[in-house]
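J.: I am sharing query_4.cif, which consists of mmCIF, C-alpha atoms and all ligand atoms:
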data_model
#
loop_
_atom_site.group_PDB
_atom_site.id
_atom_site.type_symbol
_atom_site.label_atom_id
_atom_site.label_comp_id
_atom_site.auth_asym_id
_atom_site.auth_seq_id
_atom_site.Cartn_x
_atom_site.Cartn_y
_atom_site.Cartn_z
ATOM 1 C CA MET K 1 0.000 0.000 0.000
ATOM 2 C CA SER K 2 2.768 2.456 0.920
ATOM 3 C CA ASP K 3 4.264 1.940 -2.573
ATOM 4 C CA VAL K 4 0.984 3.075 -4.105
ATOM 5 C CA LEU K 5 0.699 6.058 -1.765
ATOM 6 C CA GLY K 6 4.180 7.264 -2.691
ATOM 7 C CA THR K 7 3.234 7.769 -6.327
ATOM 8 C CA LEU K 8 -0.511 8.393 -6.031
ATOM 9 C CA PHE K 9 -0.451 12.115 -6.821
ATOM 10 C CA SER K 10 2.933 12.169 -8.527
ATOM 11 C CA LEU K 11 3.411 13.745 -11.942
ATOM 12 C CA GLU K 12 7.071 12.827 -12.134
ATOM 13 C CA ARG K 13 6.517 10.204 -14.822
ATOM 14 C CA GLU K 14 4.255 12.449 -16.885
ATOM 15 C CA ILE K 15 4.927 14.196 -20.193
ATOM 16 C CA VAL K 16 2.062 16.617 -20.550
ATOM 17 C CA VAL K 17 1.013 18.690 -23.567
ATOM 18 C CA VAL K 18 -0.858 21.885 -22.642
ATOM 19 C CA THR K 19 -2.489 23.839 -25.478
ATOM 20 C CA GLY K 20 -2.912 27.583 -25.109
ATOM 21 C CA GLY K 21 -0.206 27.624 -22.443
ATOM 22 C CA TYR K 22 0.512 31.359 -22.728
ATOM 23 C CA GLY K 23 -3.019 32.328 -21.678
ATOM 24 C CA LEU K 24 -4.521 33.503 -18.406
ATOM 25 C CA ILE K 25 -5.248 29.995 -17.104
ATOM 26 C CA GLY K 26 -2.786 28.093 -19.299
ATOM 27 C CA ARG K 27 0.302 29.767 -17.878
ATOM 28 C CA ARG K 28 -0.752 28.847 -14.315
ATOM 29 C CA LEU K 29 -1.457 25.256 -15.346
ATOM 30 C CA VAL K 30 1.903 24.974 -17.101
ATOM 31 C CA SER K 31 3.894 26.438 -14.182
ATOM 32 C CA GLY K 32 1.949 24.398 -11.645
ATOM 33 C CA LEU K 33 2.263 21.074 -13.489
ATOM 34 C CA HIS K 34 5.968 21.763 -13.929
ATOM 35 C CA ASP K 35 6.372 22.512 -10.219
ATOM 36 C CA LEU K 36 4.532 19.297 -9.394
ATOM 37 C CA GLY K 37 7.206 17.359 -11.305
ATOM 38 C CA ALA K 38 5.826 16.919 -14.839
ATOM 39 C CA ARG K 39 7.628 17.587 -18.090
ATOM 40 C CA VAL K 40 5.395 20.090 -19.860
ATOM 41 C CA ALA K 41 5.153 20.901 -23.571
ATOM 42 C CA VAL K 42 3.263 24.091 -24.396
ATOM 43 C CA ILE K 43 1.415 24.438 -27.693
ATOM 44 C CA GLU K 44 0.872 27.984 -28.977
ATOM 45 C CA PRO K 45 0.412 29.249 -32.548
ATOM 46 C CA ASN K 46 2.839 32.192 -32.276
ATOM 47 C CA THR K 47 5.758 31.613 -29.985
ATOM 48 C CA ASN K 48 8.825 33.631 -29.097
ATOM 49 C CA LEU K 49 11.276 33.883 -26.226
ATOM 50 C CA ASP K 50 9.787 37.108 -24.837
ATOM 51 C CA LYS K 51 6.294 35.671 -24.644
ATOM 52 C CA THR K 52 7.644 32.486 -23.076
ATOM 53 C CA ALA K 53 9.603 34.451 -20.467
ATOM 54 C CA ALA K 54 6.587 36.664 -19.740
ATOM 55 C CA ALA K 55 4.321 33.635 -19.288
ATOM 56 C CA PHE K 56 6.588 31.404 -17.213
ATOM 57 C CA GLY K 57 9.337 33.528 -15.639
ATOM 58 C CA GLU K 58 12.231 31.428 -14.304
ATOM 59 C CA ILE K 59 10.549 28.197 -15.349
ATOM 60 C CA ALA K 60 11.027 29.239 -18.985
ATOM 61 C CA LYS K 61 14.633 28.073 -18.641
ATOM 62 C CA SER K 62 13.750 24.683 -17.155
ATOM 63 C CA GLU K 63 14.728 21.496 -18.948
ATOM 64 C CA ARG K 64 11.276 20.180 -18.068
ATOM 65 C CA LEU K 65 9.523 22.874 -20.109
ATOM 66 C CA CYS K 66 9.404 23.191 -23.874
ATOM 67 C CA VAL K 67 7.361 25.434 -26.129
ATOM 68 C CA LEU K 68 6.250 24.034 -29.486
ATOM 69 C CA GLU K 69 4.776 26.257 -32.155
ATOM 70 C CA ALA K 70 1.572 24.704 -33.495
ATOM 71 C CA ASN K 71 -1.986 25.696 -34.180
ATOM 72 C CA VAL K 72 -4.696 23.455 -32.738
ATOM 73 C CA VAL K 73 -6.737 23.794 -35.936
ATOM 74 C CA SER K 74 -3.867 22.682 -38.186
ATOM 75 C CA ARG K 75 -3.143 18.972 -38.089
ATOM 76 C CA PRO K 76 0.250 19.194 -39.881
ATOM 77 C CA THR K 77 1.573 21.641 -37.262
ATOM 78 C CA LEU K 78 0.370 19.343 -34.457
ATOM 79 C CA GLU K 79 2.030 16.361 -36.116
ATOM 80 C CA ARG K 80 5.311 18.279 -36.309
ATOM 81 C CA ALA K 81 4.967 19.182 -32.629
ATOM 82 C CA LEU K 82 4.426 15.508 -31.768
ATOM 83 C CA VAL K 83 7.569 14.497 -33.643
ATOM 84 C CA ALA K 84 9.569 17.186 -31.817
ATOM 85 C CA LEU K 85 8.147 16.058 -28.469
ATOM 86 C CA LYS K 86 8.885 12.378 -29.086
ATOM 87 C CA THR K 87 12.445 13.213 -30.102
ATOM 88 C CA ARG K 88 12.948 15.248 -26.957
ATOM 89 C CA TRP K 89 11.174 13.247 -24.243
ATOM 90 C CA GLY K 90 9.156 10.418 -25.808
ATOM 91 C CA ALA K 91 5.412 9.954 -26.310
ATOM 92 C CA PRO K 92 3.081 12.212 -24.324
ATOM 93 C CA THR K 93 1.264 10.699 -21.341
ATOM 94 C CA GLY K 94 -1.062 13.663 -20.791
ATOM 95 C CA LEU K 95 -2.907 16.226 -22.908
ATOM 96 C CA VAL K 96 -4.662 19.292 -21.510
ATOM 97 C CA ASN K 97 -6.886 20.841 -24.155
ATOM 98 C CA ASN K 98 -6.927 24.333 -22.702
ATOM 99 C CA ALA K 99 -6.721 26.578 -25.810
ATOM 100 C CA GLY K 100 -10.057 28.245 -26.364
ATOM 101 C CA LEU K 101 -11.741 31.277 -27.865
ATOM 102 C CA ASP K 102 -14.494 33.338 -26.319
ATOM 103 C CA SER K 103 -15.844 36.715 -27.379
ATOM 104 C CA PRO K 104 -14.267 39.293 -25.091
ATOM 105 C CA PRO K 105 -16.626 41.890 -23.598
ATOM 106 C CA ASP K 106 -15.068 44.490 -25.927
ATOM 107 C CA ALA K 107 -15.558 42.412 -29.105
ATOM 108 C CA PRO K 108 -17.239 44.118 -32.104
ATOM 109 C CA ALA K 109 -20.861 45.038 -31.395
ATOM 110 C CA ALA K 110 -22.326 42.411 -33.759
ATOM 111 C CA GLU K 111 -20.535 39.628 -31.910
ATOM 112 C CA ASN K 112 -22.070 40.603 -28.583
ATOM 113 C CA GLY K 113 -25.398 41.559 -30.156
ATOM 114 C CA PRO K 114 -28.669 39.649 -30.409
ATOM 115 C CA PHE K 115 -28.697 35.933 -31.217
ATOM 116 C CA GLU K 116 -30.725 36.637 -34.353
ATOM 117 C CA THR K 117 -27.841 38.490 -35.997
ATOM 118 C CA TYR K 118 -24.855 36.739 -34.399
ATOM 119 C CA PRO K 119 -22.272 36.584 -37.249
ATOM 120 C CA GLU K 120 -21.831 33.231 -38.955
ATOM 121 C CA GLN K 121 -18.062 33.833 -39.247
ATOM 122 C CA SER K 122 -17.812 34.308 -35.462
ATOM 123 C CA TRP K 123 -19.664 31.024 -34.965
ATOM 124 C CA ASP K 124 -17.215 29.259 -37.301
ATOM 125 C CA ARG K 125 -14.136 30.790 -35.665
ATOM 126 C CA VAL K 126 -15.159 29.801 -32.131
ATOM 127 C CA MET K 127 -16.324 26.317 -33.159
ATOM 128 C CA GLU K 128 -13.128 25.749 -35.096
ATOM 129 C CA VAL K 129 -10.797 26.379 -32.160
ATOM 130 C CA ASN K 130 -12.983 25.087 -29.322
ATOM 131 C CA VAL K 131 -14.311 21.915 -30.970
ATOM 132 C CA LYS K 132 -12.222 21.069 -34.018
ATOM 133 C CA GLY K 133 -9.054 22.111 -32.184
ATOM 134 C CA VAL K 134 -9.782 19.699 -29.319
ATOM 135 C CA PHE K 135 -10.707 16.980 -31.813
ATOM 136 C CA LEU K 136 -7.440 17.387 -33.772
ATOM 137 C CA CYS K 137 -5.255 17.496 -30.649
ATOM 138 C CA CYS K 138 -6.926 14.303 -29.424
ATOM 139 C CA GLN K 139 -6.399 12.699 -32.832
ATOM 140 C CA VAL K 140 -2.695 13.516 -32.876
ATOM 141 C CA PHE K 141 -1.582 13.361 -29.217
ATOM 142 C CA GLY K 142 -4.291 10.955 -28.041
ATOM 143 C CA ALA K 143 -3.392 8.494 -30.779
ATOM 144 C CA ALA K 144 0.238 8.558 -29.615
ATOM 145 C CA MET K 145 -0.947 7.729 -26.092
ATOM 146 C CA ALA K 146 -3.171 4.914 -27.355
ATOM 147 C CA GLU K 147 -0.234 3.515 -29.280
ATOM 148 C CA ALA K 148 1.905 3.637 -26.123
ATOM 149 C CA GLY K 149 -0.902 2.023 -24.081
ATOM 150 C CA ARG K 150 -1.183 4.766 -21.456
ATOM 151 C CA GLY K 151 -2.397 8.339 -21.279
ATOM 152 C CA THR K 152 -4.905 10.819 -19.940
ATOM 153 C CA ILE K 153 -6.750 13.612 -21.708
ATOM 154 C CA VAL K 154 -8.110 16.577 -19.761
ATOM 155 C CA ASN K 155 -10.505 18.791 -21.680
ATOM 156 C CA ILE K 156 -11.171 22.235 -20.251
ATOM 157 C CA GLY K 157 -14.903 22.801 -20.120
ATOM 158 C CA SER K 158 -16.993 25.655 -18.816
ATOM 159 C CA ILE K 159 -20.125 26.181 -16.768
ATOM 160 C CA TYR K 160 -21.456 27.690 -20.011
ATOM 161 C CA GLY K 161 -21.086 24.317 -21.692
ATOM 162 C CA ALA K 162 -23.409 22.829 -19.084
ATOM 163 C CA VAL K 163 -25.931 25.636 -18.534
ATOM 164 C CA SER K 164 -26.814 28.685 -20.579
ATOM 165 C CA PRO K 165 -25.087 31.972 -19.865
ATOM 166 C CA ASP K 166 -27.336 33.983 -17.547
ATOM 167 C CA GLN K 167 -28.061 37.054 -19.659
ATOM 168 C CA SER K 168 -29.134 38.992 -16.556
ATOM 169 C CA LEU K 169 -25.430 39.267 -15.641
ATOM 170 C CA TYR K 170 -25.081 41.686 -18.550
ATOM 171 C CA GLU K 171 -28.182 43.729 -17.796
ATOM 172 C CA TYR K 172 -26.015 46.664 -16.691
ATOM 173 C CA ARG K 173 -24.712 46.968 -20.251
ATOM 174 C CA ARG K 174 -28.193 46.989 -21.738
ATOM 175 C CA GLN K 175 -29.233 49.577 -19.178
ATOM 176 C CA GLY K 176 -26.264 51.621 -20.416
ATOM 177 C CA GLY K 177 -27.769 51.639 -23.908
ATOM 178 C CA GLU K 178 -25.859 48.748 -25.531
ATOM 179 C CA THR K 179 -27.512 45.729 -27.151
ATOM 180 C CA PHE K 180 -25.332 43.237 -25.289
ATOM 181 C CA PHE K 181 -25.879 39.500 -24.993
ATOM 182 C CA LYS K 182 -23.323 36.842 -24.105
ATOM 183 C CA PRO K 183 -23.001 35.079 -27.473
ATOM 184 C CA VAL K 184 -24.096 31.580 -28.371
ATOM 185 C CA ALA K 185 -21.069 29.971 -30.039
ATOM 186 C CA TYR K 186 -18.905 29.631 -26.934
ATOM 187 C CA ALA K 187 -21.691 27.875 -25.010
ATOM 188 C CA ALA K 188 -22.466 25.515 -27.895
ATOM 189 C CA SER K 189 -18.784 24.767 -28.477
ATOM 190 C CA LYS K 190 -18.085 23.973 -24.837
ATOM 191 C CA SER K 191 -21.041 21.610 -24.589
ATOM 192 C CA ALA K 192 -19.651 19.667 -27.566
ATOM 193 C CA VAL K 193 -16.452 19.103 -25.590
ATOM 194 C CA TYR K 194 -18.321 17.054 -22.961
ATOM 195 C CA ASN K 195 -19.541 14.433 -25.381
ATOM 196 C CA LEU K 196 -16.272 14.355 -27.299
ATOM 197 C CA THR K 197 -14.713 13.549 -23.909
ATOM 198 C CA ARG K 198 -17.188 10.734 -23.244
ATOM 199 C CA TYR K 199 -16.798 9.414 -26.787
ATOM 200 C CA LEU K 200 -13.039 9.104 -26.287
ATOM 201 C CA ALA K 201 -13.443 7.523 -22.837
ATOM 202 C CA ALA K 202 -15.413 4.724 -24.492
ATOM 203 C CA TYR K 203 -13.276 4.549 -27.616
ATOM 204 C CA TRP K 204 -9.842 4.581 -25.979
ATOM 205 C CA GLY K 205 -10.737 2.949 -22.641
ATOM 206 C CA PRO K 206 -9.559 -0.427 -24.004
ATOM 207 C CA ARG K 207 -6.189 1.185 -24.856
ATOM 208 C CA ASN K 208 -5.779 2.585 -21.305
ATOM 209 C CA VAL K 209 -6.277 6.212 -22.367
ATOM 210 C CA ARG K 210 -8.563 8.128 -20.006
ATOM 211 C CA SER K 211 -10.578 11.195 -20.965
ATOM 212 C CA ASN K 212 -12.226 13.637 -18.555
ATOM 213 C CA THR K 213 -13.299 17.264 -18.334
ATOM 214 C CA VAL K 214 -12.783 19.980 -15.763
ATOM 215 C CA THR K 215 -15.650 22.464 -15.652
ATOM 216 C CA LEU K 216 -14.493 25.986 -14.901
ATOM 217 C CA ALA K 217 -16.382 29.055 -13.803
ATOM 218 C CA GLY K 218 -15.298 32.618 -14.576
ATOM 219 C CA VAL K 219 -11.855 33.845 -13.588
ATOM 220 C CA PHE K 220 -11.243 37.262 -12.071
ATOM 221 C CA ASN K 221 -9.586 39.453 -14.683
ATOM 222 C CA ASP K 222 -10.358 43.033 -13.660
ATOM 223 C CA GLN K 223 -13.890 42.866 -15.039
ATOM 224 C CA ASP K 224 -16.284 45.809 -14.770
ATOM 225 C CA PRO K 225 -17.337 46.206 -11.099
ATOM 226 C CA ARG K 226 -21.012 46.048 -12.120
ATOM 227 C CA PHE K 227 -20.409 42.654 -13.701
ATOM 228 C CA LEU K 228 -18.485 41.474 -10.636
ATOM 229 C CA GLU K 229 -21.317 42.507 -8.363
ATOM 230 C CA ALA K 230 -23.908 40.621 -10.431
ATOM 231 C CA TYR K 231 -21.638 37.589 -10.758
ATOM 232 C CA ALA K 232 -20.944 37.504 -7.025
ATOM 233 C CA ARG K 233 -24.636 36.832 -6.427
ATOM 234 C CA LYS K 234 -24.312 33.611 -8.483
ATOM 235 C CA ILE K 235 -21.413 32.215 -6.427
ATOM 236 C CA PRO K 236 -22.197 30.968 -2.920
ATOM 237 C CA LEU K 237 -18.542 30.494 -1.941
ATOM 238 C CA ARG K 238 -16.954 33.408 -0.096
ATOM 239 C CA ARG K 239 -13.240 33.239 0.595
ATOM 240 C CA GLY K 240 -12.680 36.660 2.097
ATOM 241 C CA LYS K 241 -10.656 37.878 -0.843
ATOM 242 C CA PRO K 242 -9.481 41.469 -0.828
ATOM 243 C CA HIS K 243 -11.345 42.517 -3.957
ATOM 244 C CA LEU K 244 -15.085 42.640 -4.480
ATOM 245 C CA SER K 245 -15.135 39.523 -6.642
ATOM 246 C CA ASN K 246 -15.638 35.957 -5.532
ATOM 247 C CA MET K 247 -14.703 34.751 -9.004
ATOM 248 C CA ALA K 248 -12.016 32.100 -9.438
ATOM 249 C CA GLU K 249 -8.291 32.769 -9.552
ATOM 250 C CA PRO K 250 -6.448 31.155 -12.483
ATOM 251 C CA TYR K 251 -4.619 28.701 -10.189
ATOM 252 C CA ASP K 252 -7.913 27.402 -8.750
ATOM 253 C CA TYR K 253 -8.051 24.833 -11.559
ATOM 254 C CA LEU K 254 -4.576 23.382 -11.127
ATOM 255 C CA GLY K 255 -5.551 20.853 -8.437
ATOM 256 C CA ALA K 256 -8.285 19.213 -10.504
ATOM 257 C CA VAL K 257 -6.137 19.102 -13.651
ATOM 258 C CA ALA K 258 -3.151 17.674 -11.758
ATOM 259 C CA PHE K 259 -5.387 15.047 -10.139
ATOM 260 C CA LEU K 260 -6.747 13.952 -13.534
ATOM 261 C CA LEU K 261 -3.209 13.661 -14.915
ATOM 262 C CA SER K 262 -1.957 11.671 -11.907
ATOM 263 C CA PRO K 263 -2.298 7.975 -10.957
ATOM 264 C CA ALA K 264 -4.744 9.080 -8.218
ATOM 265 C CA SER K 265 -7.506 9.322 -10.839
ATOM 266 C CA GLY K 266 -6.438 6.089 -12.545
ATOM 267 C CA TYR K 267 -9.938 4.568 -12.551
ATOM 268 C CA MET K 268 -11.699 7.780 -13.629
ATOM 269 C CA THR K 269 -12.707 8.217 -17.243
ATOM 270 C CA GLY K 270 -15.620 9.846 -19.054
ATOM 271 C CA GLY K 271 -16.133 12.035 -16.000
ATOM 272 C CA ASP K 272 -16.083 15.655 -15.014
ATOM 273 C CA ILE K 273 -14.737 17.666 -12.095
ATOM 274 C CA ARG K 274 -16.698 20.844 -11.571
ATOM 275 C CA VAL K 275 -14.703 23.639 -9.927
ATOM 276 C CA ASP K 276 -17.107 26.557 -9.870
ATOM 277 C CA GLY K 277 -17.430 28.030 -6.380
ATOM 278 C CA GLY K 278 -20.940 26.549 -6.265
ATOM 279 C CA PHE K 279 -22.223 28.382 -9.383
ATOM 280 C CA MET K 280 -24.143 25.327 -10.522
ATOM 281 C CA ALA K 281 -25.332 24.354 -7.054
ATOM 282 C CA ILE K 282 -27.973 27.097 -7.050
HETATM 283 N N1 LIG D 1 -11.151 32.711 -18.260
HETATM 284 C C1 LIG D 1 -12.315 32.228 -17.830
HETATM 285 O O1 LIG D 1 -13.049 32.883 -17.079
HETATM 286 C C2 LIG D 1 -12.750 30.844 -18.248
HETATM 287 C C3 LIG D 1 -13.922 30.308 -17.702
HETATM 288 C C4 LIG D 1 -14.328 29.043 -18.074
HETATM 289 C C5 LIG D 1 -13.562 28.313 -18.977
HETATM 290 N N2 LIG D 1 -12.440 28.863 -19.517
HETATM 291 C C6 LIG D 1 -11.674 28.062 -20.473
HETATM 292 O O2 LIG D 1 -10.330 27.969 -20.034
HETATM 293 C C7 LIG D 1 -9.470 27.874 -21.157
HETATM 294 C C8 LIG D 1 -8.382 28.942 -21.060
HETATM 295 O O3 LIG D 1 -9.010 30.212 -21.009
HETATM 296 P P1 LIG D 1 -8.200 31.556 -20.752
HETATM 297 O O4 LIG D 1 -9.125 32.486 -20.069
HETATM 298 O O5 LIG D 1 -6.883 31.264 -20.153
HETATM 299 O O6 LIG D 1 -8.025 32.088 -22.247
HETATM 300 P P2 LIG D 1 -6.909 33.027 -22.848
HETATM 301 O O7 LIG D 1 -7.541 33.734 -23.990
HETATM 302 O O8 LIG D 1 -6.235 33.833 -21.793
HETATM 303 O O9 LIG D 1 -5.846 31.991 -23.409
HETATM 304 C C9 LIG D 1 -6.146 31.155 -24.478
HETATM 305 C C10 LIG D 1 -4.824 30.712 -25.095
HETATM 306 O O10 LIG D 1 -5.131 29.837 -26.190
HETATM 307 C C11 LIG D 1 -4.270 30.177 -27.261
HETATM 308 N N3 LIG D 1 -4.887 29.806 -28.527
HETATM 309 C C12 LIG D 1 -5.954 30.415 -29.124
HETATM 310 N N4 LIG D 1 -6.171 29.865 -30.332
HETATM 311 C C13 LIG D 1 -5.236 28.883 -30.474
HETATM 312 C C14 LIG D 1 -4.944 27.985 -31.518
HETATM 313 N N5 LIG D 1 -5.642 27.987 -32.664
HETATM 314 N N6 LIG D 1 -3.928 27.105 -31.342
HETATM 315 C C15 LIG D 1 -3.196 27.094 -30.172
HETATM 316 N N7 LIG D 1 -3.435 27.948 -29.169
HETATM 317 C C16 LIG D 1 -4.428 28.836 -29.322
HETATM 318 C C17 LIG D 1 -4.082 31.684 -27.164
HETATM 319 O O11 LIG D 1 -2.903 32.099 -27.847
HETATM 320 C C18 LIG D 1 -4.022 31.894 -25.666
HETATM 321 O O12 LIG D 1 -2.707 31.849 -25.158
HETATM 322 C C19 LIG D 1 -10.353 28.023 -22.393
HETATM 323 O O13 LIG D 1 -10.663 26.740 -22.902
HETATM 324 C C20 LIG D 1 -11.592 28.698 -21.841
HETATM 325 O O14 LIG D 1 -12.732 28.431 -22.609
HETATM 326 C C21 LIG D 1 -12.010 30.106 -19.173
#
Output the file's structure as structure tokens, nothing else.

T.:
Amino acid sequence: MSDVLGTLFSLEREIVVVTGGYGLIGRRLVSGLHDLGARVAVIEPNTNLDKTAAAFGEIAKSERLCVLEANVVSRPTLERALVALKTRWGAPTGLVNNAGLDSPPDAPAAENGPFETYPEQSWDRVMEVNVKGVFLCCQVFGAAMAEAGRGTIVNIGSIYGAVSPDQSLYEYRRQGGETFFKPVAYAASKSAVYNLTRYLAAYWGPRNVRSNTVTLAGVFNDQDPRFLEAYARKIPLRRGKPHLSNMAEPYDYLGAVAFLLSPASGYMTGGDIRVDGGFMAI
């Protein structure tokens, strides 16, 4: 038993690909997984040393971190990244599909306008990265895991893939004269990720590749105070943080992702860990 306990939460044997590793959440996941002992390969479409240093600080120089330039919607670039990874460390044992697109609050008016006129091109752009991108990364990196007979996929989901965005959170913008609605494509794309995850759990279970989601709620990122106030009413958890918000911090998701990548979750596949401050409990 003590042998099992020694390695239960260890990431020291893991070679983990994290897509979108420069982003708000991605950079915390990458640094955290590295600090927990994993070798971490970051996938980003436009890489350079300055961006890598800005995202990861001292860790940027670590031998257990590498940055591979690839676009999640381009299979040839992902295949090249896989070859580079295998040459450097061997086949991946973990994949965190974290890259994602959402419409920022300051996106062009049409994108945050009514559903009836939501632009088709915006739909395609979001679906391409959030669904096709996850699909292609699973095809390329997941297949390498299946071939090796071991691996775990963690797909980053969202509360808005499980329930609809609550449009009342944006009422303050409509009261200010804008026609603002949280758009549809992000919600639809994130819900697709859940069944892609379950599909792969069934498909690759016999090859010892696990596939799970982590469901995230909104992360504090200096949002408008009126939004923060409305959002705070949706989150029962209070942690006595210094600012008004009780939104998540980017590192709040590291524990669930690390657990799903570690032997501790070895019998878990096709599942979901919801980390949302209680958003979906009420
Ligand atoms: N921030 C939140 O409040 C929140 C809430 C719920 C879920 N999420 C999910 O968490 C994940 C990370 O979100 P974030 O807030 O850190 O986003 P972010 O915009 O800060 O970072 C996204 C990263 O993905 C990269 N990326 C975009 N398109 C790519 C492509 N084609 N190929 C490779 N990389 C690409 C970007 O360069 C960027 O570094 C996303 O899947 C998002 O949907 C975020």

J.: Interatomic distance between CA of Ile43 (chain K) and CA of Val17 (chain K)?

T.: 7.1 Å

J.: Just checking: using all atoms listed in the file, which residue out of K:Glu14, K:Glu229, K:Asp50, K:Glu171 ends up closest to Ala38 (chain K)?

T.: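 Counting all atoms listed in the file, the residue closest to Ala38 (chain K) is K:Glu14.
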
J.: Have a look at K:Ala201, K:Val126, K:Leu101, K:Ala91 and name the one nearest to Met145 (chain K); count all atoms listed in the file.

T.: K:Ala91

J.: Would you list the residues that come within 8 Å of ligand LIG 1 (chain D)? Count all atoms listed in the file and give the answer as a PyMOL selection string.

T.: chain K and resi 19-27+43-46+70-74+97-102+129-130+133+156-160+186+190+215-221+248+250

J.: For the provided coordinates, the residues matched by the PyMOL selection byres (((chain K and resi 64) around 10) and not hetatm) should be stated as a list of chain:residue names.

T.: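 Residues picked by the PyMOL selection byres (((chain K and resi 64) around 10) and not hetatm): K:Ile15, K:His34, K:Asp35, K:Gly37, K:Ala38, K:Arg39, K:Val40, K:Ala41, K:Ile59, K:Ala60, K:Lys61, K:Ser62, K:Glu63, K:Leu65, K:Cys66, K:Trp89.
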
J.: Using only C-alpha atoms, pick whichever of K:Gly177, K:Phe9, K:Ala144, K:Val209 has the shortest atom-to-atom distance to Gly90 (chain K).

T.: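 Closest to Gly90 (chain K) of all the choices is K:Ala144.
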
J.: Using only C-alpha atoms, find the one residue out of K:Gly149, K:Gly205, K:Gly113, K:Gly270 that sits nearest to Phe180 (chain K).

T.: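 Ranking K:Gly149, K:Gly205, K:Gly113, K:Gly270 by distance to Phe180 (chain K), first place goes to K:Gly113.
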
J.: Rank nothing, just name the residue among K:Thr52, K:Thr197, K:Thr93, K:Asn208 nearest to Phe141 (chain K), using all atoms listed in the file.

T.: K:Thr93

J.: Could you check which of K:Gly176, K:Pro236, K:Gly94, K:Gly255 is closest to Asp276 (chain K), using only C-alpha atoms?

T.: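 The closest residue to Asp276 (chain K) is K:Pro236.
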
J.: Going by the chain IDs and residue numbers used in this file, which residues fall under the PyMOL selection byres (((chain K and resi 280) around 10) and not hetatm)? Write them as a list in words.

T.: Ile159, Ala162, Val163, Ala217, Lys234, Ile235, Pro236, Arg274, Val275, Asp276, Gly277, Gly278, Phe279, Ala281 and Ile282 of chain K

J.: The PyMOL selection byres (((chain K and resi 256) around 12) and not hetatm) on the file shown: which residues, as a ChimeraX atom specification?

T.: /K:9,29,32-33,96,154-156,212-216,251-255,257-262,264-265,271-276

J.: Leaving out Tyr118 (chain K) and any residue of its chain fewer than 3 positions from it, which residues lie within 10 Å of it when counting all atoms listed in the file, given as a list in words?

T.: Ala109, Ala110, Glu111, Asn112, Gly113, Pro114, Phe115, Gln121, Ser122, Trp123, Phe181, Pro183, Val184 and Ala185 of chain K

J.: Please, what distance in Å, to one decimal, runs between CA of Thr179 (chain K) and CA of Leu228 (chain K)?

T.: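 If I compute the distance from CA of Thr179 (chain K) to CA of Leu228 (chain K), I get 19.3 Å.
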
J.: Rounded to one decimal in Å, what is the spacing between CA of Gly57 (chain K) and CA of Val134 (chain K)?

T.: 27.3 Å
